[in-house]
Amino acid sequence: MRCPKCHHTSSKVIDSRPSEETDTIRRRRECLSCGYRFNTYERIEKLPLLVIKRDNVREEFNRDKLLRGIIRSAEKRPIQLEAMNKLVDSIEEKIRESGKQEIPSEVIGEMVMERLFELDEVAYIRFASVYREFQSREMFMKELETMVDKYRAETDSNSKGDLS
């Protein structure tokens with residue numbers, strides 16, 4: 001690190017701590033030549049994630065855009081913003097853990113629907129209707145039937161465990 005006063009290239013770190021900003025570390029340094037003290041900030045570099053849209057166009061992953069879609073589907077529902085933020089965080093974390101830099105939008109949509117189904121069924125149906133582009137009443141009814149089947153399967157597996 002170059003000293004801002006004498007431009008010497010050697011310094012020592014006196015103190016390190018996380019900054020108020022996320023993913024940033026503030027370091028207090030001292031120049032080994034002139035003794036001048038100064039601060040530096042280091043940010044953890046995250047590789048950009050690219051989303052492959054249905055038309056094969058690639059765009060950078062935008063968590064705010066994803067959150068807006070979830071908020072829209074959960075409008076007038078008893079879901080706190082904190083829960084929606086956690087949902088988006090968990091999806092972004094899962095994508096980053098995969099190690100892939102490009103991910104199809106369909107995969108993200110399925111991840112959202114899986115988590116929304118657990119969070120709020122009405123928000124799930126709203127999101128699914130836009131995501132899956134329901135064109136008819138039959139498509140909507142088919143999705144509702146799938147939900148009912150999932151609910152029955154969960155209920156059956158839970159009641160079998162209660163036979164103690």
# chains A, B, ... in the order shown; residues from 1 in each chain; ligands from 1
call {"tool": "residues_around", "arguments": {"residues": "Gly35 in chain A", "least_positions_apart": "6", "cutoff": "10 Å", "atoms": "only C-alpha atoms", "output": "NGL selection string"}}
result
:A and (3 or 5-6 or 11-12 or 29)
call {"tool": "write_last_selection", "arguments": {"atoms": "N, CA, C and O atoms", "output": "mmCIF file, in the first residue's frame"}}
result
data_model
loop_
_atom_site.group_PDB
_atom_site.id
_atom_site.type_symbol
_atom_site.label_atom_id
_atom_site.label_comp_id
_atom_site.auth_asym_id
_atom_site.auth_seq_id
_atom_site.Cartn_x
_atom_site.Cartn_y
_atom_site.Cartn_z
ATOM 1 N N CYS A 3 1.959 5.019 0.685
ATOM 2 C CA CYS A 3 1.670 6.079 1.652
ATOM 3 C C CYS A 3 1.186 7.323 0.908
ATOM 4 O O CYS A 3 1.842 7.778 -0.040
ATOM 5 N N LYS A 5 1.308 10.309 1.904
ATOM 6 C CA LYS A 5 2.157 11.460 2.234
ATOM 7 C C LYS A 5 3.520 11.385 1.539
ATOM 8 O O LYS A 5 3.909 12.298 0.832
ATOM 9 N N CYS A 6 4.265 10.273 1.747
ATOM 10 C CA CYS A 6 5.626 10.181 1.199
ATOM 11 C C CYS A 6 5.732 9.211 0.014
ATOM 12 O O CYS A 6 6.792 9.100 -0.589
ATOM 13 N N SER A 11 3.870 -0.390 4.408
ATOM 14 C CA SER A 11 3.125 0.074 5.572
ATOM 15 C C SER A 11 2.736 -1.145 6.399
ATOM 16 O O SER A 11 2.786 -2.274 5.921
ATOM 17 N N LYS A 12 2.364 -0.897 7.642
ATOM 18 C CA LYS A 12 1.893 -1.993 8.473
ATOM 19 C C LYS A 12 0.465 -1.697 8.908
ATOM 20 O O LYS A 12 0.064 -0.541 9.058
ATOM 21 N N ARG A 29 -3.570 1.994 8.882
ATOM 22 C CA ARG A 29 -2.194 1.658 8.498
ATOM 23 C C ARG A 29 -1.220 2.739 8.945
ATOM 24 O O ARG A 29 -1.593 3.894 9.145
#
call {"tool": "select_by_dssp", "arguments": {"residues": "range 4-159 of chain A", "states": "strand (DSSP E)", "output": "JSON, numbers by chain"}}
result
{"A": [11, 12, 13, 14, 15, 16, 17, 18, 24, 25, 26, 27, 28, 29, 30, 31, 37, 38, 39, 40, 41, 42, 43, 50, 51, 52, 58, 59, 60, 102, 103, 104]}
call {"tool": "write_last_selection", "arguments": {"atoms": "N, CA, C and O atoms", "output": "tab-separated table (two decimals), in the first residue's frame"}}
result
chain	number	residue	atom	x	y	z
A	11	SER	N	3.87	-0.39	4.41
A	11	SER	CA	3.12	0.07	5.57
A	11	SER	C	2.74	-1.15	6.40
A	11	SER	O	2.79	-2.27	5.92
A	12	LYS	N	2.36	-0.90	7.64
A	12	LYS	CA	1.89	-1.99	8.47
A	12	LYS	C	0.46	-1.70	8.91
A	12	LYS	O	0.06	-0.54	9.06
A	13	VAL	N	-0.29	-2.77	9.12
A	13	VAL	CA	-1.67	-2.65	9.55
A	13	VAL	C	-1.68	-2.55	11.07
A	13	VAL	O	-1.14	-3.39	11.77
A	14	ILE	N	-2.30	-1.47	11.58
A	14	ILE	CA	-2.39	-1.25	13.02
A	14	ILE	C	-3.70	-1.83	13.56
A	14	ILE	O	-3.74	-2.40	14.64
A	15	ASP	N	-4.78	-1.67	12.79
A	15	ASP	CA	-6.10	-2.09	13.25
A	15	ASP	C	-6.95	-2.47	12.04
A	15	ASP	O	-6.85	-1.83	10.98
A	16	SER	N	-7.78	-3.50	12.18
A	16	SER	CA	-8.74	-3.91	11.14
A	16	SER	C	-10.09	-4.12	11.78
A	16	SER	O	-10.18	-4.69	12.86
A	17	ARG	N	-11.12	-3.67	11.10
A	17	ARG	CA	-12.48	-3.92	11.58
A	17	ARG	C	-13.47	-3.78	10.44
A	17	ARG	O	-13.21	-3.04	9.48
A	18	PRO	N	-14.59	-4.48	10.56
A	18	PRO	CA	-15.62	-4.33	9.51
A	18	PRO	C	-16.14	-2.90	9.49
A	18	PRO	O	-16.30	-2.27	10.53
A	24	THR	N	-17.19	-4.73	3.62
A	24	THR	CA	-16.05	-3.84	3.56
A	24	THR	C	-15.29	-3.91	4.88
A	24	THR	O	-15.89	-3.99	5.94
A	25	ILE	N	-13.97	-3.89	4.78
A	25	ILE	CA	-13.12	-3.89	5.97
A	25	ILE	C	-12.29	-2.61	5.98
A	25	ILE	O	-11.68	-2.25	4.98
A	26	ARG	N	-12.30	-1.91	7.13
A	26	ARG	CA	-11.49	-0.71	7.28
A	26	ARG	C	-10.19	-1.10	7.95
A	26	ARG	O	-10.17	-1.80	8.94
A	27	ARG	N	-9.08	-0.66	7.35
A	27	ARG	CA	-7.77	-0.94	7.93
A	27	ARG	C	-7.07	0.37	8.25
A	27	ARG	O	-7.01	1.28	7.43
A	28	ARG	N	-6.56	0.46	9.46
A	28	ARG	CA	-5.75	1.60	9.89
A	28	ARG	C	-4.30	1.19	9.64
A	28	ARG	O	-3.85	0.14	10.11
A	29	ARG	N	-3.57	1.99	8.88
A	29	ARG	CA	-2.19	1.66	8.50
A	29	ARG	C	-1.22	2.74	8.95
A	29	ARG	O	-1.59	3.89	9.14
A	30	GLU	N	0.04	2.32	9.05
A	30	GLU	CA	1.11	3.26	9.38
A	30	GLU	C	2.24	3.05	8.40
A	30	GLU	O	2.70	1.91	8.19
A	31	CYS	N	2.72	4.15	7.78
A	31	CYS	CA	3.82	4.08	6.83
A	31	CYS	C	5.11	3.72	7.58
A	31	CYS	O	5.42	4.30	8.63
A	37	ARG	N	-0.10	7.94	9.48
A	37	ARG	CA	-1.19	6.98	9.63
A	37	ARG	C	-2.33	7.33	8.68
A	37	ARG	O	-2.69	8.50	8.55
A	38	PHE	N	-2.89	6.30	8.08
A	38	PHE	CA	-4.00	6.51	7.13
A	38	PHE	C	-4.90	5.28	7.12
A	38	PHE	O	-4.54	4.22	7.62
A	39	ASN	N	-6.10	5.46	6.57
A	39	ASN	CA	-7.09	4.39	6.49
A	39	ASN	C	-7.19	3.88	5.07
A	39	ASN	O	-7.08	4.66	4.10
A	40	THR	N	-7.44	2.59	4.95
A	40	THR	CA	-7.77	2.00	3.65
A	40	THR	C	-9.03	1.17	3.84
A	40	THR	O	-9.34	0.75	4.96
A	41	TYR	N	-9.74	0.95	2.77
A	41	TYR	CA	-10.95	0.14	2.80
A	41	TYR	C	-10.83	-0.96	1.76
A	41	TYR	O	-10.44	-0.71	0.62
A	42	GLU	N	-11.15	-2.18	2.18
A	42	GLU	CA	-11.12	-3.32	1.28
A	42	GLU	C	-12.54	-3.86	1.14
A	42	GLU	O	-13.25	-3.98	2.13
A	43	ARG	N	-12.90	-4.17	-0.07
A	43	ARG	CA	-14.23	-4.72	-0.34
A	43	ARG	C	-14.08	-6.11	-0.92
A	43	ARG	O	-13.22	-6.34	-1.78
A	50	LEU	N	-24.77	-13.67	-14.15
A	50	LEU	CA	-25.55	-13.36	-15.34
A	50	LEU	C	-26.77	-14.27	-15.40
A	50	LEU	O	-26.69	-15.47	-15.14
A	51	VAL	N	-27.90	-13.66	-15.72
A	51	VAL	CA	-29.16	-14.39	-15.86
A	51	VAL	C	-29.41	-14.57	-17.35
A	51	VAL	O	-29.36	-13.61	-18.11
A	52	ILE	N	-29.67	-15.82	-17.74
A	52	ILE	CA	-30.00	-16.11	-19.14
A	52	ILE	C	-31.52	-16.09	-19.26
A	52	ILE	O	-32.22	-16.94	-18.71
A	58	ARG	N	-28.60	-12.21	-22.11
A	58	ARG	CA	-27.99	-12.28	-20.78
A	58	ARG	C	-28.00	-10.89	-20.16
A	58	ARG	O	-27.69	-9.91	-20.81
A	59	GLU	N	-28.36	-10.86	-18.87
A	59	GLU	CA	-28.31	-9.60	-18.13
A	59	GLU	C	-27.81	-9.89	-16.72
A	59	GLU	O	-27.92	-11.02	-16.23
A	60	GLU	N	-27.24	-8.88	-16.09
A	60	GLU	CA	-26.69	-9.07	-14.76
A	60	GLU	C	-27.81	-9.32	-13.75
A	60	GLU	O	-28.88	-8.72	-13.83
A	102	GLU	N	-23.44	-18.06	-14.75
A	102	GLU	CA	-24.62	-17.85	-15.58
A	102	GLU	C	-25.70	-18.82	-15.13
A	102	GLU	O	-25.42	-20.00	-14.94
A	103	ILE	N	-26.91	-18.31	-14.99
A	103	ILE	CA	-28.01	-19.16	-14.53
A	103	ILE	C	-29.27	-18.79	-15.32
A	103	ILE	O	-29.57	-17.61	-15.51
A	104	PRO	N	-29.99	-19.79	-15.79
A	104	PRO	CA	-31.22	-19.52	-16.53
A	104	PRO	C	-32.29	-18.89	-15.63
A	104	PRO	O	-32.43	-19.26	-14.46
call {"tool": "residues_around", "arguments": {"residues": "range 71-76 of chain A", "least_positions_apart": "4", "cutoff": "7 Å", "atoms": "only C-alpha atoms", "output": "list in words"}}
result
Leu67, Ala123, Arg126 and Phe127 of chain A
call {"tool": "write_last_selection", "arguments": {"atoms": "N, CA, C and O atoms", "output": "compact mmCIF listing (two decimals), in the first residue's frame"}}
result
# COMPACT_ATOMS: atom_id res chain seq x y z
N LEU A 67 -36.72 -8.84 -5.97
CA LEU A 67 -37.50 -8.44 -4.80
C LEU A 67 -38.78 -7.71 -5.21
O LEU A 67 -39.84 -7.96 -4.64
N ALA A 123 -49.56 -15.59 -2.69
CA ALA A 123 -48.41 -14.96 -3.35
C ALA A 123 -47.80 -15.93 -4.37
O ALA A 123 -47.40 -15.52 -5.46
N ARG A 126 -50.01 -15.95 -7.47
CA ARG A 126 -49.83 -14.70 -8.22
C ARG A 126 -48.51 -14.73 -8.99
O ARG A 126 -48.45 -14.37 -10.16
N PHE A 127 -47.43 -15.15 -8.31
CA PHE A 127 -46.13 -15.20 -8.96
C PHE A 127 -46.15 -16.22 -10.10
O PHE A 127 -45.68 -15.94 -11.20
call {"tool": "residues_around", "arguments": {"residues": "range 87-93 of chain A", "least_positions_apart": "6", "cutoff": "8 Å", "atoms": "only C-alpha atoms", "output": "list in words"}}
result
Arg63, Leu66, Leu67, Ile108, Met111, Val112 and Arg115 of chain A
call {"tool": "write_last_selection", "arguments": {"atoms": "all heavy atoms", "output": "compact mmCIF listing (two decimals), in the first residue's frame"}}
result
# COMPACT_ATOMS: atom_id res chain seq x y z
N ARG A 63 -30.89 -8.25 -7.72
CA ARG A 63 -31.70 -8.70 -6.58
C ARG A 63 -32.89 -7.77 -6.34
O ARG A 63 -33.95 -8.21 -5.91
CB ARG A 63 -30.85 -8.88 -5.33
CG ARG A 63 -30.39 -7.62 -4.67
CD ARG A 63 -29.60 -7.85 -3.38
NE ARG A 63 -30.08 -8.86 -2.49
CZ ARG A 63 -31.08 -8.70 -1.63
NH1 ARG A 63 -31.70 -7.55 -1.55
NH2 ARG A 63 -31.47 -9.68 -0.84
N LEU A 66 -35.72 -8.82 -8.59
CA LEU A 66 -36.34 -10.02 -8.05
C LEU A 66 -37.23 -9.69 -6.86
O LEU A 66 -38.35 -10.17 -6.76
CB LEU A 66 -35.24 -11.02 -7.66
CG LEU A 66 -35.69 -12.38 -7.13
CD1 LEU A 66 -36.58 -13.10 -8.14
CD2 LEU A 66 -34.47 -13.22 -6.79
N LEU A 67 -36.72 -8.84 -5.97
CA LEU A 67 -37.50 -8.44 -4.80
C LEU A 67 -38.78 -7.71 -5.21
O LEU A 67 -39.84 -7.96 -4.64
CB LEU A 67 -36.65 -7.56 -3.87
CG LEU A 67 -37.33 -7.07 -2.59
CD1 LEU A 67 -37.75 -8.25 -1.71
CD2 LEU A 67 -36.40 -6.14 -1.81
N ILE A 108 -34.19 -19.62 -11.51
CA ILE A 108 -34.48 -18.62 -10.47
C ILE A 108 -35.98 -18.59 -10.19
O ILE A 108 -36.41 -18.58 -9.04
CB ILE A 108 -33.96 -17.23 -10.88
CG1 ILE A 108 -32.43 -17.26 -11.00
CG2 ILE A 108 -34.40 -16.17 -9.87
CD1 ILE A 108 -31.83 -16.01 -11.60
N MET A 111 -37.00 -21.50 -8.09
CA MET A 111 -36.53 -21.32 -6.71
C MET A 111 -37.48 -20.38 -5.96
O MET A 111 -37.82 -20.63 -4.80
CB MET A 111 -35.10 -20.77 -6.70
CG MET A 111 -34.07 -21.74 -7.21
SD MET A 111 -32.47 -20.95 -7.47
CE MET A 111 -31.78 -21.05 -5.84
N VAL A 112 -37.90 -19.31 -6.62
CA VAL A 112 -38.82 -18.35 -6.00
C VAL A 112 -40.14 -19.04 -5.70
O VAL A 112 -40.67 -18.92 -4.59
CB VAL A 112 -39.05 -17.11 -6.91
CG1 VAL A 112 -40.19 -16.25 -6.37
CG2 VAL A 112 -37.78 -16.29 -7.05
N ARG A 115 -40.04 -21.40 -2.68
CA ARG A 115 -40.01 -20.71 -1.39
C ARG A 115 -41.31 -19.96 -1.11
O ARG A 115 -41.76 -19.90 0.03
CB ARG A 115 -38.80 -19.78 -1.33
CG ARG A 115 -37.49 -20.54 -1.15
CD ARG A 115 -36.29 -19.68 -1.50
NE ARG A 115 -35.03 -20.34 -1.24
CZ ARG A 115 -34.47 -21.23 -2.05
NH1 ARG A 115 -35.07 -21.58 -3.18
NH2 ARG A 115 -33.31 -21.78 -1.76
call {"tool": "atom_distance", "arguments": {"atom1": "CA of Asp55 in chain A", "atom2": "CA of Glu118 in chain A"}}
result
29.4 Å
call {"tool": "closest_residue", "arguments": {"among": "A:Glu121, A:Ser10, A:Ala83, A:Met113", "to": "Tyr151 in chain A", "atoms": "only C-alpha atoms"}}
result
A:Glu121
call {"tool": "decode", "arguments": {"residues": "range 131-155 of chain A", "atoms": "N, CA and C atoms", "output": "PDB file, in the first residue's frame"}}
result
ATOM      1  N   TYR A 131     -45.163 -15.737 -13.935  1.00  0.00           N
ATOM      2  CA  TYR A 131     -43.964 -16.465 -14.336  1.00  0.00           C
ATOM      3  C   TYR A 131     -44.274 -17.523 -15.394  1.00  0.00           C
ATOM      4  N   ARG A 132     -45.320 -18.265 -15.177  1.00  0.00           N
ATOM      5  CA  ARG A 132     -45.674 -19.332 -16.122  1.00  0.00           C
ATOM      6  C   ARG A 132     -46.583 -18.845 -17.245  1.00  0.00           C
ATOM      7  N   GLU A 133     -46.889 -17.563 -17.222  1.00  0.00           N
ATOM      8  CA  GLU A 133     -47.681 -16.910 -18.275  1.00  0.00           C
ATOM      9  C   GLU A 133     -48.997 -17.646 -18.532  1.00  0.00           C
ATOM     10  N   PHE A 134     -49.804 -17.773 -17.471  1.00  0.00           N
ATOM     11  CA  PHE A 134     -51.103 -18.428 -17.624  1.00  0.00           C
ATOM     12  C   PHE A 134     -51.902 -17.710 -18.702  1.00  0.00           C
ATOM     13  N   GLN A 135     -52.377 -18.481 -19.675  1.00  0.00           N
ATOM     14  CA  GLN A 135     -53.143 -17.918 -20.782  1.00  0.00           C
ATOM     15  C   GLN A 135     -54.624 -18.275 -20.707  1.00  0.00           C
ATOM     16  N   SER A 136     -54.945 -19.199 -19.784  1.00  0.00           N
ATOM     17  CA  SER A 136     -56.338 -19.646 -19.739  1.00  0.00           C
ATOM     18  C   SER A 136     -56.707 -20.051 -18.323  1.00  0.00           C
ATOM     19  N   ARG A 137     -58.002 -20.190 -18.128  1.00  0.00           N
ATOM     20  CA  ARG A 137     -58.529 -20.652 -16.849  1.00  0.00           C
ATOM     21  C   ARG A 137     -58.034 -22.068 -16.561  1.00  0.00           C
ATOM     22  N   GLU A 138     -57.885 -22.891 -17.602  1.00  0.00           N
ATOM     23  CA  GLU A 138     -57.437 -24.276 -17.437  1.00  0.00           C
ATOM     24  C   GLU A 138     -56.015 -24.331 -16.868  1.00  0.00           C
ATOM     25  N   MET A 139     -55.146 -23.454 -17.347  1.00  0.00           N
ATOM     26  CA  MET A 139     -53.768 -23.418 -16.837  1.00  0.00           C
ATOM     27  C   MET A 139     -53.774 -23.034 -15.356  1.00  0.00           C
ATOM     28  N   PHE A 140     -54.613 -22.087 -15.024  1.00  0.00           N
ATOM     29  CA  PHE A 140     -54.723 -21.638 -13.634  1.00  0.00           C
ATOM     30  C   PHE A 140     -55.240 -22.786 -12.761  1.00  0.00           C
ATOM     31  N   MET A 141     -56.269 -23.469 -13.213  1.00  0.00           N
ATOM     32  CA  MET A 141     -56.854 -24.570 -12.457  1.00  0.00           C
ATOM     33  C   MET A 141     -55.855 -25.719 -12.291  1.00  0.00           C
ATOM     34  N   LYS A 142     -55.070 -25.977 -13.330  1.00  0.00           N
ATOM     35  CA  LYS A 142     -54.071 -27.042 -13.246  1.00  0.00           C
ATOM     36  C   LYS A 142     -53.055 -26.723 -12.147  1.00  0.00           C
ATOM     37  N   GLU A 143     -52.637 -25.476 -12.038  1.00  0.00           N
ATOM     38  CA  GLU A 143     -51.689 -25.074 -10.989  1.00  0.00           C
ATOM     39  C   GLU A 143     -52.325 -25.219  -9.615  1.00  0.00           C
ATOM     40  N   LEU A 144     -53.599 -24.847  -9.490  1.00  0.00           N
ATOM     41  CA  LEU A 144     -54.295 -25.020  -8.209  1.00  0.00           C
ATOM     42  C   LEU A 144     -54.396 -26.502  -7.831  1.00  0.00           C
ATOM     43  N   GLU A 145     -54.659 -27.350  -8.814  1.00  0.00           N
ATOM     44  CA  GLU A 145     -54.729 -28.787  -8.545  1.00  0.00           C
ATOM     45  C   GLU A 145     -53.375 -29.323  -8.080  1.00  0.00           C
ATOM     46  N   THR A 146     -52.311 -28.842  -8.674  1.00  0.00           N
ATOM     47  CA  THR A 146     -50.962 -29.237  -8.250  1.00  0.00           C
ATOM     48  C   THR A 146     -50.725 -28.827  -6.803  1.00  0.00           C
ATOM     49  N   MET A 147     -51.175 -27.619  -6.443  1.00  0.00           N
ATOM     50  CA  MET A 147     -51.042 -27.149  -5.060  1.00  0.00           C
ATOM     51  C   MET A 147     -51.813 -28.050  -4.105  1.00  0.00           C
ATOM     52  N   VAL A 148     -53.037 -28.409  -4.481  1.00  0.00           N
ATOM     53  CA  VAL A 148     -53.867 -29.265  -3.632  1.00  0.00           C
ATOM     54  C   VAL A 148     -53.183 -30.623  -3.451  1.00  0.00           C
ATOM     55  N   ASP A 149     -52.631 -31.165  -4.531  1.00  0.00           N
ATOM     56  CA  ASP A 149     -51.930 -32.452  -4.441  1.00  0.00           C
ATOM     57  C   ASP A 149     -50.730 -32.359  -3.501  1.00  0.00           C
ATOM     58  N   LYS A 150     -49.961 -31.273  -3.586  1.00  0.00           N
ATOM     59  CA  LYS A 150     -48.812 -31.079  -2.689  1.00  0.00           C
ATOM     60  C   LYS A 150     -49.285 -30.989  -1.246  1.00  0.00           C
ATOM     61  N   TYR A 151     -50.366 -30.253  -1.042  1.00  0.00           N
ATOM     62  CA  TYR A 151     -50.912 -30.090   0.314  1.00  0.00           C
ATOM     63  C   TYR A 151     -51.355 -31.442   0.879  1.00  0.00           C
ATOM     64  N   ARG A 152     -52.045 -32.226   0.057  1.00  0.00           N
ATOM     65  CA  ARG A 152     -52.498 -33.554   0.505  1.00  0.00           C
ATOM     66  C   ARG A 152     -51.316 -34.454   0.835  1.00  0.00           C
ATOM     67  N   ALA A 153     -50.286 -34.417   0.000  1.00  0.00           N
ATOM     68  CA  ALA A 153     -49.105 -35.252   0.241  1.00  0.00           C
ATOM     69  C   ALA A 153     -48.425 -34.861   1.551  1.00  0.00           C
ATOM     70  N   GLU A 154     -48.323 -33.557   1.801  1.00  0.00           N
ATOM     71  CA  GLU A 154     -47.721 -33.087   3.055  1.00  0.00           C
ATOM     72  C   GLU A 154     -48.579 -33.495   4.247  1.00  0.00           C
ATOM     73  N   THR A 155     -49.888 -33.337   4.127  1.00  0.00           N
ATOM     74  CA  THR A 155     -50.805 -33.686   5.210  1.00  0.00           C
ATOM     75  C   THR A 155     -50.742 -35.181   5.508  1.00  0.00           C
TER      76      THR A 155
END
